[in-house]
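One structure below.
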Amino acid sequence: MAEKTCPVRKTVVYLSDQIDSGRLTDPKGRRISEQIMQLAEEIAEGAAGSDHLSAIDSLIKEYFYPKSPVQNQEIGVRLKGILDEHREVFISHIETKNCPSHDCGKLAPSPCQMACPAGIDIPTYLGLIAEGRDAEAIEVIRRDNPLPWVCGLICTRPCEMMCVRARIDTPVSIKFLKAFAAERAMSDRAYKNPEKKEANGKKICVVGAGPGGISAAYYLALMGYEVRVIESLPVPGGMMMVGIPRYRLPREVIDREVAMIEELGVTFSYNTVFGKDVTFEALKKEGYEAFFIAIGAHKAWDLGIKGEKEFPKVIEAVKFLKDVALGEHHVPGKQVVVIGGGNVAIDAARTSLRLGAEAVTIAYRRSRTQMPADIEEVEQAEEEGIEFSFLTIPKEIVGENDLITGLDCIKAELIQKQGSDRLAPVPILGKDFIIKADAVISAIGQYVDDEGMQVFDKMSWTRRGTIEVNHASMETTMPGVFAAGDAVSGPATVIEAIGGGKRAAESIDRYLSNIPQPRMPKIPIRHRTEAPFEMSASRKMTLKPAQMPMLSVDRRRTMFQQVELGYDEESVRREASRCLRCDICRRCGKCVEICRDKMGIDALKLGYMDFDDPSETDFRATSEKCILCGACAANCENKAIVIEEENGQRMLKLCGTILNKQEIQYCEECNAILPSAEYMQFISRKTGTAKKVTEKRLLCNNCQRKLGAKINVSTRPVNRI
Amino acid sequence: MQFQRGDKIEVYKKSVDEAWEPYMDDFIGLHGFITDPDTTINDPDSLIRVSLVGVGTHRLPQDALRLIGKP
């Protein structure tokens with residue numbers, strides 16, 4: 001079972017128990033323990049400085065002074081063990097104010113950030129975009145992802161899937177906001193590289209200029225390494241360039257972001273095949289000390305059906321898309337059938353249409369809901385007129401004299417096979433049919449081409465045909481050789497390759513600096529916390545999700561122009577401010593409980609906080625019942641919900657959203673600031689205080705008491721002795 | 001496919017797959033969501049991407065996961 005308590009929190013609890021138990025009779029041992037506990041508490045609260053950890057190390061040594069009692073030494077050994085095993089977590093708390101296990105309440109990455117394979121600090125950059133600080137937003141993104149513009153257009157956006165705003169209406173359109181900020185920063189010439197470290201004289205070779213290779217090259221260059229990227233294609237980008245069509249990702253976007261990486265001194269050798277044009281031995285002789293392999297997965301699986309090898313117009317989707325990307329714009333046929341259900345199949349179909357195919361059909365052996373392709377891509381394909389034939393198993397490609405006439409298929413049904421809980425497509429006997437076609441494109445998946453890799457003789461491969469790595473460091477079984485991207489995961493996503501490249505860069509640096517590798521992959525970290533964007537509850541609730549303007553369908557059927565035209569500036573700022581700032585509010589629900597159960601008011605209708613069973617959320621409803629007592633704010637560890645007084649008003653704010661506000665009132669006698677009238681009534685009901693003088697006057701508690709006493713003295717008979 | 005995007009899962013046991021690494025033992029008992037169920041061909045053997053509470057996003061073998069909720 002996993003040890004889920006944060007080691008920083010565990011240290012605090014352990015020391016607190018030791019101190020409270022009375023077992024620590026030695027004054028020196030007690031002093032050391034108290035000092036370490038204080039330092040550990042500061043680390044837990046995100047208040048520690050860079051010297052905290054070394055200070056704890058020194059204090060632990062002090063436990064072992066000559067003739068130190070055994071209980072001191074026991075504590076010293078225990079603490080040293082925790083620190084040795086979890087040093088990275090302590091460092092992460094100190095450097096990033098990040099407690100991934102949420103034990104240290106104030107410091108938790110948001111769900112969107114945790115879902116991002118590159119761990120981008122999303123709430124921070126959304127906060128910056130909402131304020132129009134696009135270049136700063138790009139700076140934040142590039143700490144974890146050197147290609148924000150590319151990802152802003154084609155990321156599979158797991159972050160949006162986890163977006164908490166979806167529990168209220170729809171997720172924040174994180175992906176396109178990133179694209180807008182990158183484009184604007186680039187246009188304003190404000191898209192800048194960070195300062196790189198001084199050159200350290202060490203050389204690294206990166207094999208493959210895809211997202212993984214580019215990512216590793218970027219971070220290594222920033223660390224001061226001399227990086228050379230070997231690429232067999234004539235262009236950078238790998239699958240981003242030759243696998244993703246231009247109507248989704250214009251070439252200029254890749255070129256501009258790669259140019260930023262070249263600006264750091266990274267050299268790209270195009271049209272250079274590793275193992276042929278340049279060899280491992282030669283590179284080693286040139287002084288390359290580490291190698292990073294990011295060769296992708298470019299080989300297509302065979303369909304394994306009759307006719308596949310007989311007709312020239314049976315085309316592999318990856319080759320077709322690559323040829324088109326490199327300028328060979330030839331229509332594959334008038335009636336095209338694409339076999340497969342992933343994004344590559346959709347891309348091949350939409351590309352065929354743009355090249356002039358009259359009819360394009362996607363044949364997929366399972367149902368619509370089981371297609372691995374993105375739902376938006378599927379919908380856009382349908383809008384453009386692509387036909388889908390679901391539950392269709394291809395049997396044979398038929399034709400005459402090298403010319404295809406059709407794809408012989410059989411209808412399938414999904415059946416749960418014995419011993420499996422998966423629904424498998426099973427052919428229905430006699431339900432054969434032919435889809436008319438003169439070209440068939442196969443898009444049933446790719447695998448890693450290992451040509452040229454044999455030179456890495458100590459590098460192991462998995463049974464899936466991918467490079468075996470330790471995922472914590474992306475180090476292969478051959479020392480000094482690292483790998484990431486599709487070559488490791490099999491065909492996956494751009495953002496995953498970027499995350500892997502970044503992780504590999506950090507590990508290469510550790511390898512060359514003789515620092516031990518981490519035990520497990522790094523957990524996403526927050527870089528900073530932006531102040532939340534202030535707005536009324538009504539506005540926060542009624543901000544409508546931005547609608548993406550699209551290219552006309554006629555153009556989409558005929559040209560490779562970008563389909564999604566991007567938001568205008570007003571929509572971007574509005575969309576970014578829909579973010580609920582889950583980096584500040586971790587949705588523990590304590591505010592709701594206090595208000596409802598302890599105060600009996602139940603003013604907070606924040607159903608989105610319940611993760612498993614979200615109910616209705618309405619920020620506007622708070623003002624109907626809230627008495628501005630501040631109990632919620634007083635119990636919020638993260639200061640996500642606060643009471644603020646400014647410009648003569650008292651406001652209750654949740655991550656910048658003003659849930660309730662009232663004019664501040666003052667005592668008529670002494671001019672002291674008064675709580676809200678509702679709160680004073682609430683207290684009066686609870687305490688039953690004499691109110692005669694206060695019924696028509698606004699008075700603070702002190703003045704109420706004073707005046708109440710006078711009234712009582714003057715109105716009651718005095719007993720005379 | 002057994003798992004779909006958005007499915008809530010639990011890492012309930014150690015996988016026998018070669019892709020299971022020692023640090024993944026720490027994940028047993030954790031909950032999370034499927035963020036990329038299968039990149040290509042609905043293969044029950046493929047590694048799928050999950051976002052686990054508190055530890056971020058990882059690719060894991062499917063035999064270590066069990067479904068605990070649909071989106």
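Naming works like this for the structure tokens: A, B, ... for the chains as they're shown, residue 1 at the start of each chain, ligands 1 onward in shown order.
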
Next on the checklist: Give me, as an NGL selection string, all polymer residues having an atom no more than 12 Å from Asn671 (chain A), counting only C-alpha atoms and skipping those fewer than 3 positions away in the same chain.
Outcome noted: :A and (664-668 or 674 or 698-703)

Checklist entry - Which chain A residues are at most 8 Å from chain B (counting only C-alpha atoms), as a PyMOL selection string? => result chain A and resi 1-3+100-102+114-117+119+158+161+341-342+370+372+421-424+444-445+462+470+489+491-492+519-520+523-524

Would you output that residue set with C-alpha atoms, as a compact mmCIF listing (two decimals), in the first residue's frame?
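The result, stored in part_17.txt:
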# COMPACT_ATOMS: atom_id res chain seq x y z
CA MET A 1 0.00 0.00 0.00
CA ALA A 2 1.29 3.43 -0.82
CA GLU A 3 2.73 5.67 1.88
CA PRO A 100 1.52 17.08 -4.15
CA SER A 101 -0.14 14.85 -1.58
CA HIS A 102 -2.15 17.82 -0.26
CA MET A 114 -1.45 17.48 -12.45
CA ALA A 115 -3.12 16.12 -15.61
CA CYS A 116 -0.62 17.77 -17.96
CA PRO A 117 2.15 15.32 -18.94
CA GLY A 119 3.17 19.63 -15.72
CA PRO A 158 -5.94 16.40 -20.76
CA MET A 161 -10.69 17.14 -19.12
CA GLY A 341 -10.21 5.09 -35.97
CA GLY A 342 -7.47 7.30 -34.56
CA GLN A 370 -14.85 3.72 -28.98
CA PRO A 372 -9.58 6.82 -30.12
CA ASP A 421 -14.81 -7.51 -19.76
CA ARG A 422 -13.99 -5.87 -23.08
CA LEU A 423 -16.34 -5.66 -26.00
CA ALA A 424 -14.65 -7.09 -29.06
CA ILE A 444 -4.16 1.34 -37.98
CA GLY A 445 -1.14 2.46 -36.02
CA THR A 462 10.48 -3.84 -24.70
CA ASN A 470 13.49 4.08 -16.39
CA SER A 489 5.69 5.22 -25.29
CA PRO A 491 2.51 6.46 -30.74
CA ALA A 492 1.29 8.96 -28.18
CA ARG A 519 13.56 7.42 -7.72
CA MET A 520 10.31 8.43 -9.39
CA ILE A 523 5.63 15.75 -9.67
CA PRO A 524 4.40 18.98 -11.32

Checklist entry - Could you state the separation of CA of Val337 (chain A) and CA of Thr156 (chain A) in Å, given to one decimal place? => result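 According to the coordinates, CA of Val337 (chain A) and CA of Thr156 (chain A) are separated by 25.2 Å.
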
Next on the checklist: For a test of reading the model, state the distance in Å between CA of Asn145 (chain A) and CA of Ala118 (chain A), rounded to one decimal.
Outcome noted: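 Atom-to-atom, CA of Asn145 (chain A) and CA of Ala118 (chain A) are spaced 6.6 Å apart.
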
As a compact mmCIF listing (two decimals) with N, CA and C atoms, in the first residue's frame, which residues of region 495-647 of chain A does DSSP assign to helix (DSSP H, G or I)?
# COMPACT_ATOMS: atom_id res chain seq x y z
N ILE A 495 2.43 16.44 -26.26
CA ILE A 495 2.71 16.97 -24.92
C ILE A 495 3.43 15.94 -24.06
N GLU A 496 3.13 14.67 -24.28
CA GLU A 496 3.82 13.63 -23.53
C GLU A 496 5.30 13.56 -23.94
N ALA A 497 5.55 13.72 -25.24
CA ALA A 497 6.93 13.71 -25.73
C ALA A 497 7.69 14.92 -25.17
N ILE A 498 7.01 16.05 -25.11
CA ILE A 498 7.65 17.26 -24.58
C ILE A 498 8.01 17.05 -23.10
N GLY A 499 7.07 16.49 -22.35
CA GLY A 499 7.33 16.22 -20.93
C GLY A 499 8.50 15.25 -20.76
N GLY A 500 8.53 14.21 -21.60
CA GLY A 500 9.62 13.23 -21.53
C GLY A 500 10.96 13.86 -21.86
N GLY A 501 10.97 14.74 -22.87
CA GLY A 501 12.20 15.42 -23.27
C GLY A 501 12.74 16.29 -22.15
N LYS A 502 11.83 16.98 -21.48
CA LYS A 502 12.25 17.85 -20.37
C LYS A 502 12.86 17.00 -19.23
N ARG A 503 12.18 15.90 -18.93
CA ARG A 503 12.64 15.02 -17.85
C ARG A 503 14.02 14.44 -18.21
N ALA A 504 14.18 14.06 -19.47
CA ALA A 504 15.46 13.49 -19.91
C ALA A 504 16.57 14.54 -19.79
N ALA A 505 16.26 15.78 -20.15
CA ALA A 505 17.28 16.84 -20.07
C ALA A 505 17.79 16.99 -18.64
N GLU A 506 16.85 16.98 -17.70
CA GLU A 506 17.24 17.09 -16.29
C GLU A 506 18.11 15.91 -15.88
N SER A 507 17.76 14.71 -16.37
CA SER A 507 18.51 13.51 -15.99
C SER A 507 19.88 13.47 -16.64
N ILE A 508 19.98 13.96 -17.87
CA ILE A 508 21.29 14.02 -18.54
C ILE A 508 22.21 14.94 -17.75
N ASP A 509 21.65 16.04 -17.29
CA ASP A 509 22.44 16.99 -16.49
C ASP A 509 22.92 16.32 -15.20
N ARG A 510 22.04 15.57 -14.56
CA ARG A 510 22.44 14.86 -13.32
C ARG A 510 23.50 13.80 -13.63
N TYR A 511 23.29 13.09 -14.75
CA TYR A 511 24.23 12.04 -15.15
C TYR A 511 25.63 12.63 -15.33
N LEU A 512 25.70 13.76 -16.01
CA LEU A 512 27.01 14.36 -16.29
C LEU A 512 27.57 15.13 -15.09
N ALA A 537 -19.85 38.09 -8.55
CA ALA A 537 -20.36 36.73 -8.62
C ALA A 537 -21.20 36.54 -9.88
N SER A 538 -21.99 37.57 -10.22
CA SER A 538 -22.84 37.46 -11.42
C SER A 538 -21.99 37.27 -12.66
N ARG A 539 -20.93 38.07 -12.73
CA ARG A 539 -20.09 37.97 -13.93
C ARG A 539 -19.40 36.60 -14.00
N LYS A 540 -18.91 36.14 -12.85
CA LYS A 540 -18.22 34.84 -12.85
C LYS A 540 -19.17 33.73 -13.31
N MET A 541 -20.43 33.84 -12.89
CA MET A 541 -21.39 32.80 -13.26
C MET A 541 -21.83 32.90 -14.72
N THR A 542 -21.94 34.13 -15.21
CA THR A 542 -22.56 34.28 -16.53
C THR A 542 -21.55 34.42 -17.67
N VAL A 553 -16.94 25.90 -44.56
CA VAL A 553 -16.81 24.48 -44.95
C VAL A 553 -16.29 24.36 -46.38
N ASP A 554 -16.70 25.28 -47.26
CA ASP A 554 -16.20 25.20 -48.64
C ASP A 554 -14.68 25.29 -48.70
N ARG A 555 -14.16 26.22 -47.93
CA ARG A 555 -12.69 26.35 -47.91
C ARG A 555 -12.05 25.13 -47.27
N ARG A 556 -12.71 24.63 -46.23
CA ARG A 556 -12.15 23.46 -45.54
C ARG A 556 -12.10 22.24 -46.46
N GLU A 569 -9.42 39.02 -29.06
CA GLU A 569 -8.80 39.34 -27.77
C GLU A 569 -9.80 39.39 -26.63
N GLU A 570 -10.96 40.00 -26.89
CA GLU A 570 -11.96 40.12 -25.82
C GLU A 570 -12.38 38.73 -25.33
N SER A 571 -12.60 37.82 -26.27
CA SER A 571 -13.00 36.46 -25.88
C SER A 571 -11.91 35.79 -25.06
N VAL A 572 -10.67 36.04 -25.42
CA VAL A 572 -9.55 35.41 -24.71
C VAL A 572 -9.50 35.88 -23.25
N ARG A 573 -9.58 37.20 -23.06
CA ARG A 573 -9.49 37.72 -21.69
C ARG A 573 -10.67 37.19 -20.85
N ARG A 574 -11.84 37.13 -21.48
CA ARG A 574 -13.04 36.66 -20.79
C ARG A 574 -12.91 35.18 -20.45
N GLU A 575 -12.47 34.43 -21.44
CA GLU A 575 -12.35 32.98 -21.25
C GLU A 575 -11.34 32.66 -20.14
N ALA A 576 -10.22 33.36 -20.15
CA ALA A 576 -9.18 33.11 -19.13
C ALA A 576 -9.70 33.43 -17.74
N LYS A 590 -14.33 23.09 3.45
CA LYS A 590 -14.46 23.47 4.86
C LYS A 590 -15.33 24.72 5.01
N CYS A 591 -15.20 25.66 4.09
CA CYS A 591 -16.00 26.90 4.16
C CYS A 591 -17.49 26.58 4.10
N VAL A 592 -17.84 25.66 3.21
CA VAL A 592 -19.26 25.28 3.06
C VAL A 592 -19.76 24.62 4.35
N GLU A 593 -18.95 23.73 4.89
CA GLU A 593 -19.34 23.02 6.11
C GLU A 593 -19.50 23.97 7.30
N ILE A 594 -18.55 24.89 7.45
CA ILE A 594 -18.59 25.83 8.58
C ILE A 594 -19.86 26.67 8.48
N CYS A 595 -20.11 27.20 7.30
CA CYS A 595 -21.25 28.09 7.09
C CYS A 595 -22.57 27.35 7.35
N ARG A 596 -22.64 26.13 6.84
CA ARG A 596 -23.87 25.36 6.96
C ARG A 596 -24.04 24.73 8.34
N ASP A 597 -22.99 24.02 8.78
CA ASP A 597 -23.14 23.19 9.98
C ASP A 597 -22.82 23.92 11.29
N LYS A 598 -21.82 24.77 11.27
CA LYS A 598 -21.44 25.45 12.52
C LYS A 598 -22.24 26.73 12.71
N GLY A 607 -21.49 23.73 -5.04
CA GLY A 607 -21.59 22.29 -5.30
C GLY A 607 -20.41 21.71 -6.04
N TYR A 608 -19.67 22.56 -6.79
CA TYR A 608 -18.53 22.04 -7.58
C TYR A 608 -17.41 21.53 -6.69
N MET A 609 -17.45 21.89 -5.41
CA MET A 609 -16.36 21.46 -4.53
C MET A 609 -16.43 19.97 -4.22
N PHE A 619 -22.57 31.20 -7.42
CA PHE A 619 -21.86 32.18 -6.60
C PHE A 619 -22.79 33.32 -6.17
N ARG A 620 -23.80 33.60 -7.01
CA ARG A 620 -24.70 34.74 -6.74
C ARG A 620 -25.58 34.49 -5.53
N ALA A 621 -25.82 33.20 -5.22
CA ALA A 621 -26.75 32.88 -4.12
C ALA A 621 -26.19 33.27 -2.75
N THR A 622 -24.88 33.42 -2.65
CA THR A 622 -24.26 33.70 -1.34
C THR A 622 -24.83 34.97 -0.72
N SER A 623 -24.97 36.03 -1.54
CA SER A 623 -25.38 37.32 -0.98
C SER A 623 -26.79 37.28 -0.40
N GLU A 624 -27.59 36.28 -0.76
CA GLU A 624 -28.96 36.22 -0.24
C GLU A 624 -28.97 35.86 1.25
N LYS A 625 -28.02 35.06 1.69
CA LYS A 625 -28.05 34.59 3.08
C LYS A 625 -26.83 35.03 3.90
N ALA A 631 -16.65 33.54 9.23
CA ALA A 631 -16.27 32.21 9.76
C ALA A 631 -15.63 31.36 8.67
N CYS A 632 -16.15 31.46 7.45
CA CYS A 632 -15.58 30.69 6.34
C CYS A 632 -14.13 31.11 6.10
N ALA A 633 -13.92 32.42 6.05
CA ALA A 633 -12.58 32.94 5.76
C ALA A 633 -11.60 32.57 6.88
N ALA A 634 -12.08 32.63 8.11
CA ALA A 634 -11.18 32.34 9.23
C ALA A 634 -10.72 30.89 9.21

Checklist entry - To one decimal place, how far is CA of Ile91 (chain A) from CA of Glu45 (chain A) in Å? => result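 If I compute the distance from CA of Ile91 (chain A) to CA of Glu45 (chain A), I get 13.0 Å.
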
Which residues are close to Glu663 (chain A), i.e. within 10 Å by only C-alpha atoms, leaving aside same-chain residues fewer than 4 positions away? Reply as a CSV table (one decimal) with N, CA and C atoms, in the first residue's frame.
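Heads up, here's the output in out.csv:
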chain,number,residue,atom,x,y,z
A,645,GLU,N,-11.8,44.6,3.5
A,645,GLU,CA,-12.5,45.9,3.7
A,645,GLU,C,-11.7,46.9,2.9
A,646,GLU,N,-12.4,47.5,1.9
A,646,GLU,CA,-11.7,48.5,1.1
A,646,GLU,C,-12.8,49.5,0.6
A,647,ASN,N,-12.4,50.8,0.4
A,647,ASN,CA,-13.3,51.8,-0.1
A,647,ASN,C,-14.6,51.8,0.6
A,648,GLY,N,-14.7,51.7,1.9
A,648,GLY,CA,-15.9,51.8,2.6
A,648,GLY,C,-16.8,50.5,2.5
A,649,GLN,N,-16.3,49.5,1.9
A,649,GLN,CA,-17.1,48.3,1.7
A,649,GLN,C,-16.4,47.0,2.3
A,650,ARG,N,-17.2,46.1,2.8
A,650,ARG,CA,-16.8,44.9,3.3
A,650,ARG,C,-17.2,43.8,2.3
A,651,MET,N,-16.2,43.0,1.9
A,651,MET,CA,-16.5,42.0,0.8
A,651,MET,C,-16.0,40.6,1.2
A,676,SER,N,-21.5,43.5,10.1
A,676,SER,CA,-22.7,43.8,9.3
A,676,SER,C,-23.9,43.7,10.3
